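> Next comes protein39.pdb, PDB, C-alpha atoms and all ligand atoms:
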ATOM      1  CA  MET A   1       0.000   0.000   0.000  1.00  0.00           C
ATOM      2  CA  GLY A   2       1.226   3.486  -0.828  1.00  0.00           C
ATOM      3  CA  LYS A   3       2.433   5.726   1.949  1.00  0.00           C
ATOM      4  CA  THR A   4       0.134   8.503   3.055  1.00  0.00           C
ATOM      5  CA  ILE A   5       1.254  12.100   2.746  1.00  0.00           C
ATOM      6  CA  LEU A   6      -0.628  14.936   4.381  1.00  0.00           C
ATOM      7  CA  ILE A   7      -0.457  18.367   2.760  1.00  0.00           C
ATOM      8  CA  VAL A   8      -1.361  21.306   4.996  1.00  0.00           C
ATOM      9  CA  GLU A   9      -1.474  24.297   2.674  1.00  0.00           C
ATOM     10  CA  ASP A  10      -3.939  27.105   2.031  1.00  0.00           C
ATOM     11  CA  GLU A  11      -3.149  27.699  -1.647  1.00  0.00           C
ATOM     12  CA  PRO A  12      -5.502  25.389  -3.576  1.00  0.00           C
ATOM     13  CA  THR A  13      -3.456  25.449  -6.783  1.00  0.00           C
ATOM     14  CA  LEU A  14      -0.309  24.402  -4.958  1.00  0.00           C
ATOM     15  CA  VAL A  15      -2.254  21.647  -3.192  1.00  0.00           C
ATOM     16  CA  SER A  16      -3.525  20.222  -6.457  1.00  0.00           C
ATOM     17  CA  THR A  17      -0.105  20.413  -8.118  1.00  0.00           C
ATOM     18  CA  LEU A  18       1.475  18.657  -5.161  1.00  0.00           C
ATOM     19  CA  GLN A  19      -1.293  16.104  -5.020  1.00  0.00           C
ATOM     20  CA  TYR A  20      -1.011  15.319  -8.718  1.00  0.00           C
ATOM     21  CA  ASN A  21       2.741  14.860  -8.564  1.00  0.00           C
ATOM     22  CA  LEU A  22       2.770  12.814  -5.378  1.00  0.00           C
ATOM     23  CA  GLU A  23      -0.055  10.540  -6.486  1.00  0.00           C
ATOM     24  CA  ARG A  24       1.802   9.924  -9.704  1.00  0.00           C
ATOM     25  CA  GLU A  25       4.654   8.626  -7.540  1.00  0.00           C
ATOM     26  CA  GLY A  26       2.269   6.176  -5.900  1.00  0.00           C
ATOM     27  CA  TYR A  27       1.623   8.044  -2.674  1.00  0.00           C
ATOM     28  CA  ARG A  28      -1.781   8.439  -1.130  1.00  0.00           C
ATOM     29  CA  VAL A  29      -2.463  12.127  -0.528  1.00  0.00           C
ATOM     30  CA  VAL A  30      -4.748  13.823   1.975  1.00  0.00           C
ATOM     31  CA  SER A  31      -4.897  17.569   2.458  1.00  0.00           C
ATOM     32  CA  ALA A  32      -6.065  20.292   4.789  1.00  0.00           C
ATOM     33  CA  GLY A  33      -6.407  24.022   4.124  1.00  0.00           C
ATOM     34  CA  ASP A  34      -5.594  25.441   7.546  1.00  0.00           C
ATOM     35  CA  GLY A  35      -3.755  24.622  10.756  1.00  0.00           C
ATOM     36  CA  GLU A  36      -6.663  23.261  12.780  1.00  0.00           C
ATOM     37  CA  ALA A  37      -7.802  21.011   9.947  1.00  0.00           C
ATOM     38  CA  GLY A  38      -4.195  19.933   9.475  1.00  0.00           C
ATOM     39  CA  LEU A  39      -3.964  18.798  13.088  1.00  0.00           C
ATOM     40  CA  SER A  40      -7.212  16.869  13.051  1.00  0.00           C
ATOM     41  CA  THR A  41      -6.379  15.215   9.720  1.00  0.00           C
ATOM     42  CA  ALA A  42      -2.936  14.257  11.021  1.00  0.00           C
ATOM     43  CA  ARG A  43      -4.476  12.733  14.142  1.00  0.00           C
ATOM     44  CA  ALA A  44      -7.028  10.799  12.123  1.00  0.00           C
ATOM     45  CA  GLU A  45      -4.737   9.641   9.298  1.00  0.00           C
ATOM     46  CA  ARG A  46      -1.363   9.207  11.065  1.00  0.00           C
ATOM     47  CA  PRO A  47       0.378  10.130   7.783  1.00  0.00           C
ATOM     48  CA  ASP A  48       3.832   8.798   6.915  1.00  0.00           C
ATOM     49  CA  LEU A  49       4.984  12.294   6.070  1.00  0.00           C
ATOM     50  CA  ILE A  50       3.601  15.818   6.382  1.00  0.00           C
ATOM     51  CA  LEU A  51       4.122  18.793   4.069  1.00  0.00           C
ATOM     52  CA  LEU A  52       3.352  21.808   6.185  1.00  0.00           C
ATOM     53  CA  ASP A  53       3.015  25.369   4.961  1.00  0.00           C
ATOM     54  CA  LEU A  54       4.527  27.935   7.311  1.00  0.00           C
ATOM     55  CA  MET A  55       2.023  30.740   6.704  1.00  0.00           C
ATOM     56  CA  LEU A  56      -1.434  29.373   7.342  1.00  0.00           C
ATOM     57  CA  PRO A  57      -4.638  31.078   8.377  1.00  0.00           C
ATOM     58  CA  GLY A  58      -5.432  30.526  12.039  1.00  0.00           C
ATOM     59  CA  LEU A  59      -2.868  28.295  13.701  1.00  0.00           C
ATOM     60  CA  ASP A  60       0.342  28.909  11.776  1.00  0.00           C
ATOM     61  CA  GLY A  61       2.738  26.249  10.569  1.00  0.00           C
ATOM     62  CA  LEU A  62       5.192  26.693  13.430  1.00  0.00           C
ATOM     63  CA  GLU A  63       2.512  26.081  15.991  1.00  0.00           C
ATOM     64  CA  VAL A  64       1.099  23.127  14.089  1.00  0.00           C
ATOM     65  CA  CYS A  65       4.580  21.638  13.756  1.00  0.00           C
ATOM     66  CA  ARG A  66       5.281  22.007  17.442  1.00  0.00           C
ATOM     67  CA  ILE A  67       2.030  20.265  18.377  1.00  0.00           C
ATOM     68  CA  LEU A  68       2.496  17.473  15.838  1.00  0.00           C
ATOM     69  CA  ARG A  69       6.003  16.838  17.090  1.00  0.00           C
ATOM     70  CA  ARG A  70       4.681  16.030  20.520  1.00  0.00           C
ATOM     71  CA  GLU A  71       2.107  13.633  19.183  1.00  0.00           C
ATOM     72  CA  MET A  72       3.735  11.730  16.359  1.00  0.00           C
ATOM     73  CA  GLN A  73       7.038  10.999  14.707  1.00  0.00           C
ATOM     74  CA  SER A  74       5.970  11.469  11.095  1.00  0.00           C
ATOM     75  CA  PRO A  75       8.640  13.473   9.304  1.00  0.00           C
ATOM     76  CA  ILE A  76       7.647  17.055   8.537  1.00  0.00           C
ATOM     77  CA  ILE A  77       8.793  19.187   5.610  1.00  0.00           C
ATOM     78  CA  MET A  78       7.996  22.864   6.039  1.00  0.00           C
ATOM     79  CA  LEU A  79       6.988  24.835   2.967  1.00  0.00           C
ATOM     80  CA  THR A  80       8.365  28.323   3.437  1.00  0.00           C
ATOM     81  CA  ALA A  81       8.396  31.497   1.420  1.00  0.00           C
ATOM     82  CA  LYS A  82      11.542  33.489   0.660  1.00  0.00           C
ATOM     83  CA  GLY A  83      12.335  35.741   3.572  1.00  0.00           C
ATOM     84  CA  ASP A  84      10.710  33.545   6.190  1.00  0.00           C
ATOM     85  CA  GLU A  85      12.864  32.971   9.188  1.00  0.00           C
ATOM     86  CA  VAL A  86      14.009  29.578   8.124  1.00  0.00           C
ATOM     87  CA  ASP A  87      16.420  29.167  11.025  1.00  0.00           C
ATOM     88  CA  LYS A  88      13.441  28.954  13.330  1.00  0.00           C
ATOM     89  CA  VAL A  89      11.919  26.241  11.253  1.00  0.00           C
ATOM     90  CA  VAL A  90      14.510  23.522  11.320  1.00  0.00           C
ATOM     91  CA  GLY A  91      16.289  21.813  14.116  1.00  0.00           C
ATOM     92  CA  LEU A  92      15.601  22.043  17.777  1.00  0.00           C
ATOM     93  CA  GLU A  93      13.298  25.050  17.703  1.00  0.00           C
ATOM     94  CA  ILE A  94      10.226  23.301  16.414  1.00  0.00           C
ATOM     95  CA  GLY A  95      11.472  19.978  15.185  1.00  0.00           C
ATOM     96  CA  ALA A  96      10.731  20.052  11.471  1.00  0.00           C
ATOM     97  CA  ASP A  97      12.874  17.578   9.539  1.00  0.00           C
ATOM     98  CA  ASP A  98      13.403  19.618   6.423  1.00  0.00           C
ATOM     99  CA  TYR A  99      12.147  22.706   4.624  1.00  0.00           C
ATOM    100  CA  ILE A 100      11.797  23.802   1.067  1.00  0.00           C
ATOM    101  CA  THR A 101      11.479  27.389  -0.132  1.00  0.00           C
ATOM    102  CA  LYS A 102       8.686  28.412  -2.501  1.00  0.00           C
ATOM    103  CA  PRO A 103       8.647  28.421  -5.430  1.00  0.00           C
ATOM    104  CA  PHE A 104      10.139  24.947  -5.709  1.00  0.00           C
ATOM    105  CA  GLY A 105      10.303  22.378  -8.456  1.00  0.00           C
ATOM    106  CA  MET A 106       8.185  19.268  -8.128  1.00  0.00           C
ATOM    107  CA  ARG A 107      11.133  17.020  -8.894  1.00  0.00           C
ATOM    108  CA  GLU A 108      13.071  18.559  -6.017  1.00  0.00           C
ATOM    109  CA  LEU A 109      10.102  18.189  -3.681  1.00  0.00           C
ATOM    110  CA  VAL A 110       9.499  14.560  -4.602  1.00  0.00           C
ATOM    111  CA  ALA A 111      13.191  13.801  -4.074  1.00  0.00           C
ATOM    112  CA  ARG A 112      13.069  15.311  -0.569  1.00  0.00           C
ATOM    113  CA  VAL A 113       9.920  13.361   0.245  1.00  0.00           C
ATOM    114  CA  ARG A 114      11.480  10.111  -0.899  1.00  0.00           C
ATOM    115  CA  ALA A 115      14.696  10.755   1.026  1.00  0.00           C
ATOM    116  CA  LEU A 116      12.870  11.546   4.249  1.00  0.00           C
ATOM    117  CA  LEU A 117      10.586   8.545   3.982  1.00  0.00           C
ATOM    118  CA  ARG A 118      13.587   6.318   3.435  1.00  0.00           C
ATOM    119  CA  ARG A 119      15.357   7.837   6.426  1.00  0.00           C
ATOM    120  CA  SER A 120      12.348   7.476   8.719  1.00  0.00           C
ATOM    121  CA  GLU A 121      11.900   3.868   7.685  1.00  0.00           C
ATOM    122  CA  THR A 122      15.378   2.956   8.819  1.00  0.00           C
ATOM    123  CA  ALA A 123      15.350   5.213  11.878  1.00  0.00           C
ATOM    124  CA  ALA A 124      11.966   4.220  13.303  1.00  0.00           C
ATOM    125  CA  PRO A 125      10.917   0.707  12.432  1.00  0.00           C
ATOM    126  CA  LYS A 126       8.046   0.777  14.928  1.00  0.00           C
ATOM    127  CA  ARG A 127       5.334   3.268  14.303  1.00  0.00           C
ATOM    128  CA  GLY A 128       3.086   2.704  17.313  1.00  0.00           C
ATOM    129  CA  ASP A 129       5.820   4.687  19.002  1.00  0.00           C
ATOM    130  CA  ALA A 130       6.116   3.714  22.617  1.00  0.00           C
ATOM    131  CA  LEU A 131       8.884   5.525  24.438  1.00  0.00           C
ATOM    132  CA  THR A 132      10.536   3.690  27.280  1.00  0.00           C
ATOM    133  CA  ALA A 133      13.271   4.335  29.815  1.00  0.00           C
ATOM    134  CA  GLY A 134      13.697   1.760  32.536  1.00  0.00           C
ATOM    135  CA  ASP A 135      10.315   1.169  34.158  1.00  0.00           C
ATOM    136  CA  LEU A 136       8.868   4.284  32.519  1.00  0.00           C
ATOM    137  CA  SER A 137       6.865   4.012  29.353  1.00  0.00           C
ATOM    138  CA  ILE A 138       4.913   6.488  27.264  1.00  0.00           C
ATOM    139  CA  ASP A 139       2.232   5.610  24.773  1.00  0.00           C
ATOM    140  CA  SER A 140       1.993   8.715  22.628  1.00  0.00           C
ATOM    141  CA  VAL A 141      -1.134   7.542  20.835  1.00  0.00           C
ATOM    142  CA  ALA A 142      -3.077   7.120  24.055  1.00  0.00           C
ATOM    143  CA  ARG A 143      -1.148  10.004  25.697  1.00  0.00           C
ATOM    144  CA  LYS A 144      -0.559   7.757  28.670  1.00  0.00           C
ATOM    145  CA  ALA A 145       2.529   7.330  30.812  1.00  0.00           C
ATOM    146  CA  THR A 146       3.128   4.296  32.985  1.00  0.00           C
ATOM    147  CA  ARG A 147       5.670   3.354  35.603  1.00  0.00           C
ATOM    148  CA  ASP A 148       6.096  -0.334  36.271  1.00  0.00           C
ATOM    149  CA  GLY A 149       2.921  -0.909  34.300  1.00  0.00           C
ATOM    150  CA  ARG A 150       0.912   1.480  36.436  1.00  0.00           C
ATOM    151  CA  THR A 151      -0.605   4.568  34.857  1.00  0.00           C
ATOM    152  CA  LEU A 152       0.902   7.797  36.151  1.00  0.00           C
ATOM    153  CA  ALA A 153      -1.573  10.554  36.941  1.00  0.00           C
ATOM    154  CA  LEU A 154       0.123  13.314  34.978  1.00  0.00           C
ATOM    155  CA  LYS A 155      -1.237  16.733  34.151  1.00  0.00           C
ATOM    156  CA  PRO A 156      -1.091  17.505  30.408  1.00  0.00           C
ATOM    157  CA  ARG A 157       2.031  19.679  30.789  1.00  0.00           C
ATOM    158  CA  GLU A 158       3.752  17.104  32.936  1.00  0.00           C
ATOM    159  CA  TYR A 159       3.019  14.533  30.282  1.00  0.00           C
ATOM    160  CA  ASP A 160       4.354  16.842  27.556  1.00  0.00           C
ATOM    161  CA  LEU A 161       7.459  17.606  29.586  1.00  0.00           C
ATOM    162  CA  LEU A 162       8.156  13.943  30.275  1.00  0.00           C
ATOM    163  CA  THR A 163       7.641  13.052  26.616  1.00  0.00           C
ATOM    164  CA  PHE A 164       9.967  15.808  25.479  1.00  0.00           C
ATOM    165  CA  LEU A 165      12.695  14.801  27.927  1.00  0.00           C
ATOM    166  CA  LEU A 166      12.385  11.097  27.187  1.00  0.00           C
ATOM    167  CA  ARG A 167      12.595  11.741  23.463  1.00  0.00           C
ATOM    168  CA  ASN A 168      15.800  13.637  24.054  1.00  0.00           C
ATOM    169  CA  THR A 169      17.371  11.420  26.688  1.00  0.00           C
ATOM    170  CA  GLY A 170      20.860  12.455  27.686  1.00  0.00           C
ATOM    171  CA  GLN A 171      20.559  15.931  26.208  1.00  0.00           C
ATOM    172  CA  ALA A 172      20.690  18.991  28.461  1.00  0.00           C
ATOM    173  CA  PHE A 173      18.214  21.799  27.889  1.00  0.00           C
ATOM    174  CA  THR A 174      17.956  25.278  29.315  1.00  0.00           C
ATOM    175  CA  ARG A 175      14.733  26.300  31.017  1.00  0.00           C
ATOM    176  CA  ASP A 176      14.050  28.637  28.099  1.00  0.00           C
ATOM    177  CA  GLN A 177      14.425  25.832  25.586  1.00  0.00           C
ATOM    178  CA  ILE A 178      12.111  23.632  27.609  1.00  0.00           C
ATOM    179  CA  LEU A 179       9.563  26.447  27.863  1.00  0.00           C
ATOM    180  CA  LYS A 180       9.597  26.912  24.118  1.00  0.00           C
ATOM    181  CA  GLN A 181       9.398  23.231  23.326  1.00  0.00           C
ATOM    182  CA  VAL A 182       6.855  22.164  25.876  1.00  0.00           C
ATOM    183  CA  TRP A 183       4.778  25.241  26.576  1.00  0.00           C
ATOM    184  CA  GLY A 184       4.775  26.814  23.177  1.00  0.00           C
ATOM    185  CA  TYR A 185       6.741  28.721  20.679  1.00  0.00           C
ATOM    186  CA  ASP A 186       5.764  32.147  21.911  1.00  0.00           C
ATOM    187  CA  TYR A 187       5.000  31.249  25.462  1.00  0.00           C
ATOM    188  CA  ALA A 188       5.838  34.276  27.552  1.00  0.00           C
ATOM    189  CA  GLY A 189       6.089  32.438  30.816  1.00  0.00           C
ATOM    190  CA  ASP A 190       8.386  32.461  33.748  1.00  0.00           C
ATOM    191  CA  THR A 191      11.159  29.874  33.595  1.00  0.00           C
ATOM    192  CA  ARG A 192      10.231  28.969  37.179  1.00  0.00           C
ATOM    193  CA  THR A 193       7.199  27.275  35.630  1.00  0.00           C
ATOM    194  CA  VAL A 194       9.663  24.690  34.375  1.00  0.00           C
ATOM    195  CA  ASP A 195      11.170  24.190  37.829  1.00  0.00           C
ATOM    196  CA  VAL A 196       7.742  23.664  39.347  1.00  0.00           C
ATOM    197  CA  HIS A 197       6.783  21.053  36.787  1.00  0.00           C
ATOM    198  CA  VAL A 198      10.121  19.318  37.151  1.00  0.00           C
ATOM    199  CA  ARG A 199       9.470  19.099  40.890  1.00  0.00           C
ATOM    200  CA  TRP A 200       6.006  17.637  40.326  1.00  0.00           C
ATOM    201  CA  LEU A 201       7.322  15.190  37.788  1.00  0.00           C
ATOM    202  CA  ARG A 202      10.092  14.044  40.120  1.00  0.00           C
ATOM    203  CA  GLU A 203       7.473  13.208  42.751  1.00  0.00           C
ATOM    204  CA  LYS A 204       6.011  10.787  40.253  1.00  0.00           C
ATOM    205  CA  ILE A 205       8.991   9.281  38.500  1.00  0.00           C
ATOM    206  CA  GLU A 206      11.862   9.347  40.979  1.00  0.00           C
ATOM    207  CA  ARG A 207      12.418   6.783  43.687  1.00  0.00           C
ATOM    208  CA  GLU A 208      13.682   9.575  45.911  1.00  0.00           C
ATOM    209  CA  PRO A 209      12.412  12.910  44.544  1.00  0.00           C
ATOM    210  CA  SER A 210      14.950  14.855  46.598  1.00  0.00           C
ATOM    211  CA  LYS A 211      17.820  12.837  45.079  1.00  0.00           C
ATOM    212  CA  PRO A 212      16.811  12.548  41.453  1.00  0.00           C
ATOM    213  CA  THR A 213      18.609  10.001  39.324  1.00  0.00           C
ATOM    214  CA  ARG A 214      16.553  10.462  36.168  1.00  0.00           C
ATOM    215  CA  LEU A 215      15.452  14.052  35.850  1.00  0.00           C
ATOM    216  CA  ILE A 216      18.787  15.626  36.591  1.00  0.00           C
ATOM    217  CA  THR A 217      19.527  19.282  37.277  1.00  0.00           C
ATOM    218  CA  VAL A 218      22.390  20.477  35.104  1.00  0.00           C
ATOM    219  CA  ARG A 219      24.095  23.193  37.076  1.00  0.00           C
ATOM    220  CA  GLY A 220      24.101  26.521  35.264  1.00  0.00           C
ATOM    221  CA  THR A 221      22.046  25.109  32.407  1.00  0.00           C
ATOM    222  CA  GLY A 222      18.758  23.449  33.134  1.00  0.00           C
ATOM    223  CA  TYR A 223      17.716  19.839  33.021  1.00  0.00           C
ATOM    224  CA  ARG A 224      18.573  16.537  31.470  1.00  0.00           C
ATOM    225  CA  PHE A 225      16.852  13.164  31.433  1.00  0.00           C
ATOM    226  CA  GLU A 226      18.894  10.042  32.071  1.00  0.00           C
ATOM    227  CA  GLY A 227      17.616   6.779  30.631  1.00  0.00           C
TER     228      GLY A 227
HETATM  229 CA    CA A 301       0.236  29.910   2.970  1.00  0.00          CA
END
Could I get this structure in the form of structure tokens?

Amino acid sequence: MGKTILIVEDEPTLVSTLQYNLEREGYRVVSAGDGEAGLSTARAERPDLILLDLMLPGLDGLEVCRILRREMQSPIIMLTAKGDEVDKVVGLEIGADDYITKPFGMRELVARVRALLRRSETAAPKRGDALTAGDLSIDSVARKATRDGRTLALKPREYDLLTFLLRNTGQAFTRDQILKQVWGYDYAGDTRTVDVHVRWLREKIEREPSKPTRLITVRGTGYRFEG
């Protein structure tokens, strides 16, 4: 069966051009015309890859990307316009896998799609994506975290924070980076919010919350999760 590609784009002509070219390559294509529809289609279809326009009405592409990243591992290619702040798009900031600047050639786009699909096949053989570290396990489809098989009563942000840290085991993050990643791209919050949630999370995942061995404080930086 062909892989499913979701296009989130508000320009109908671009959508139909993309759809035509991708279907010709044997992919199954679904599309959405704005951010909210993009999210719900992604949740319903669990696409193998997502083409995501940066400038969308309503929820913009950055926001959509950030939310998708927390919920699924499907590779994301951002469609950007010249002059967009591309540095914000790729890498750690919001977790897109690649970007392509409009106007782009269809051959180029198809090549990027193929390359990313190939890479994600070898990198993530299991798609149900359960994250585990020791006795901790996260089921990102059910949004449920368990410890020793028992469901942890986590608040949504605690769940998001734990997922983010587990996905990036061993990597240290500043409080600002964690705020951006977990609370939102433009979240204008106090970094102490992070400390509070880390404390709450430690109560639930550490054997001795006062002597954490998993959710480690990195002096002068922030936090790190140890597997
Ligand atoms: Ca647009």
> So, with all atoms listed in the file as the atoms that count, which of A:Ile76, A:Ala42, A:Leu117, A:Met106 lies closest to A:Leu14?
A:Met106
> Which residues are near ligand CA 301 (chain A) - at most 7 Å, using all atoms listed in the file? Format: as a list of chain:residue names.
A:Glu9, A:Asp10, A:Glu11, A:Asp53, A:Leu54, A:Met55, A:Leu56
> Hey, which of A:Gly220, A:Gly38, A:Gly149, A:Gly26 ends up closest to A:Arg114? Count all atoms listed in the file.
A:Gly26
> Quick one: of A:Arg192, A:Arg24, A:His197, A:Arg219, who's nearest to A:Arg107, counting all atoms listed in the file?
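Once distances to A:Arg107 are computed over all atoms listed in the file, the minimum belongs to A:Arg24.
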> Can you list, as a ChimeraX atom specification, the residues that the PyMOL selection byres (((chain A and resi 193) around 12) and not hetatm) selects here?
/A:157-158,161,175-176,178-180,182-183,187-192,194-200
> I need the residues from that last selection saved to file as a tab-separated table (two decimals), in the coordinates of the input (with C-alpha atoms), if you can.

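The resulting again_20.tsv:
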chain	number	residue	atom	x	y	z
A	157	ARG	CA	2.03	19.68	30.79
A	158	GLU	CA	3.75	17.10	32.94
A	161	LEU	CA	7.46	17.61	29.59
A	175	ARG	CA	14.73	26.30	31.02
A	176	ASP	CA	14.05	28.64	28.10
A	178	ILE	CA	12.11	23.63	27.61
A	179	LEU	CA	9.56	26.45	27.86
A	180	LYS	CA	9.60	26.91	24.12
A	182	VAL	CA	6.86	22.16	25.88
A	183	TRP	CA	4.78	25.24	26.58
A	187	TYR	CA	5.00	31.25	25.46
A	188	ALA	CA	5.84	34.28	27.55
A	189	GLY	CA	6.09	32.44	30.82
A	190	ASP	CA	8.39	32.46	33.75
A	191	THR	CA	11.16	29.87	33.60
A	192	ARG	CA	10.23	28.97	37.18
A	194	VAL	CA	9.66	24.69	34.38
A	195	ASP	CA	11.17	24.19	37.83
A	196	VAL	CA	7.74	23.66	39.35
A	197	HIS	CA	6.78	21.05	36.79
A	198	VAL	CA	10.12	19.32	37.15
A	199	ARG	CA	9.47	19.10	40.89
A	200	TRP	CA	6.01	17.64	40.33
> Can you tell me which residues surround A:Glu23 at a distance of at most 12 Å, considering all atoms listed in the file, apart from same-chain residues fewer than 5 positions away, and format the answer as a ChimeraX atom specification?
/A:2-6,15-18,28-30,110
> In terms of the shortest atom-to-atom distance over all atoms listed in the file, which of A:Tyr159, A:Gly227, A:Ile50, A:Leu109 is closest to A:Ala142?
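Closest to A:Ala142 of all the choices is A:Tyr159.
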> Would you compute the distance between atom CA of A:Cys65 and atom CA of A:Gly35? Give it in Å to one decimal.
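So the two atoms, atom CA of A:Cys65 and atom CA of A:Gly35, lie 9.3 Å apart.
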> What is the atom CA of A:Pro75-atom CA of A:Pro12 distance in Å, reported with one decimal?
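Atom-to-atom, atom CA of A:Pro75 and atom CA of A:Pro12 are spaced 22.5 Å apart.
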> Considering all atoms listed in the file, state which residue in the set A:Leu215, A:Ile94, A:Val8, A:Ala115 is at the smallest distance from A:Gly170.
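Of A:Leu215, A:Ile94, A:Val8, A:Ala115, the one nearest A:Gly170 is A:Leu215, counting all atoms listed in the file.
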> For each of A:Ser40, A:Ser31, A:Gln181, A:Thr163, take the minimum atom-to-atom distance to A:Leu52, counting all atoms listed in the file, then give the residue where this is smallest.
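Among the listed residues, A:Ser31 lies closest to A:Leu52.
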> By how many Å are atom CA of A:Glu63 and atom CA of A:Leu201 apart?
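Going from atom CA of A:Glu63 over to atom CA of A:Leu201, I get 24.8 Å.
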> Which polymer residues have any atom within 10 Å of an atom of A:Leu136, counting only C-alpha atoms, with same-chain residues fewer than 6 positions away left out, as a PDB file with C-alpha atoms, keeping the file's coordinate frame?

ATOM      1  CA  ALA A 145       2.529   7.330  30.812  1.00  0.00           C
ATOM      2  CA  THR A 146       3.128   4.296  32.985  1.00  0.00           C
ATOM      3  CA  ARG A 147       5.670   3.354  35.603  1.00  0.00           C
ATOM      4  CA  ASP A 148       6.096  -0.334  36.271  1.00  0.00           C
ATOM      5  CA  GLY A 149       2.921  -0.909  34.300  1.00  0.00           C
ATOM      6  CA  ARG A 150       0.912   1.480  36.436  1.00  0.00           C
ATOM      7  CA  THR A 151      -0.605   4.568  34.857  1.00  0.00           C
ATOM      8  CA  LEU A 152       0.902   7.797  36.151  1.00  0.00           C
ATOM      9  CA  LEU A 162       8.156  13.943  30.275  1.00  0.00           C
ATOM     10  CA  LEU A 166      12.385  11.097  27.187  1.00  0.00           C
ATOM     11  CA  ILE A 205       8.991   9.281  38.500  1.00  0.00           C
ATOM     12  CA  GLY A 227      17.616   6.779  30.631  1.00  0.00           C
TER      13      GLY A 227
END
> Expand the PyMOL selection byres (((chain A and resi 223) around 9) and not hetatm) into the explicit residue set it covers here, and present it as a PDB file with C-alpha atoms, in the frame of the given file.

ATOM      1  CA  LEU A 165      12.695  14.801  27.927  1.00  0.00           C
ATOM      2  CA  GLN A 171      20.559  15.931  26.208  1.00  0.00           C
ATOM      3  CA  ALA A 172      20.690  18.991  28.461  1.00  0.00           C
ATOM      4  CA  PHE A 173      18.214  21.799  27.889  1.00  0.00           C
ATOM      5  CA  THR A 174      17.956  25.278  29.315  1.00  0.00           C
ATOM      6  CA  ARG A 175      14.733  26.300  31.017  1.00  0.00           C
ATOM      7  CA  ILE A 178      12.111  23.632  27.609  1.00  0.00           C
ATOM      8  CA  VAL A 198      10.121  19.318  37.151  1.00  0.00           C
ATOM      9  CA  LEU A 215      15.452  14.052  35.850  1.00  0.00           C
ATOM     10  CA  ILE A 216      18.787  15.626  36.591  1.00  0.00           C
ATOM     11  CA  THR A 217      19.527  19.282  37.277  1.00  0.00           C
ATOM     12  CA  VAL A 218      22.390  20.477  35.104  1.00  0.00           C
ATOM     13  CA  ARG A 219      24.095  23.193  37.076  1.00  0.00           C
ATOM     14  CA  THR A 221      22.046  25.109  32.407  1.00  0.00           C
ATOM     15  CA  GLY A 222      18.758  23.449  33.134  1.00  0.00           C
ATOM     16  CA  ARG A 224      18.573  16.537  31.470  1.00  0.00           C
ATOM     17  CA  PHE A 225      16.852  13.164  31.433  1.00  0.00           C
TER      18      PHE A 225
END
> For the PyMOL selection byres (((chain A and resi 79-83) around 7) and not hetatm), applied here, can you spell out every residue it catches as a PyMOL selection string?
chain A and resi 51-54+77-78+84-85+99-102
> Please produce an output containing C-alpha atoms for each residue in the selection, written as a compact mmCIF listing (two decimals), keeping the file's coordinate frame.

# COMPACT_ATOMS: atom_id res chain seq x y z
CA LEU A 51 4.12 18.79 4.07
CA LEU A 52 3.35 21.81 6.18
CA ASP A 53 3.02 25.37 4.96
CA LEU A 54 4.53 27.94 7.31
CA ILE A 77 8.79 19.19 5.61
CA MET A 78 8.00 22.86 6.04
CA ASP A 84 10.71 33.54 6.19
CA GLU A 85 12.86 32.97 9.19
CA TYR A 99 12.15 22.71 4.62
CA ILE A 100 11.80 23.80 1.07
CA THR A 101 11.48 27.39 -0.13
CA LYS A 102 8.69 28.41 -2.50
> Could you put an axis-aligned box around every listed atom of stretch 30-42 of chain A, padded by 4 Å on each side, and send me its centre and edge lengths in Å to one decimal, as JSON?

{"center_x": -5.4, "center_y": 19.6, "center_z": 7.5, "size_x": 12.9, "size_y": 19.6, "size_z": 19.1}
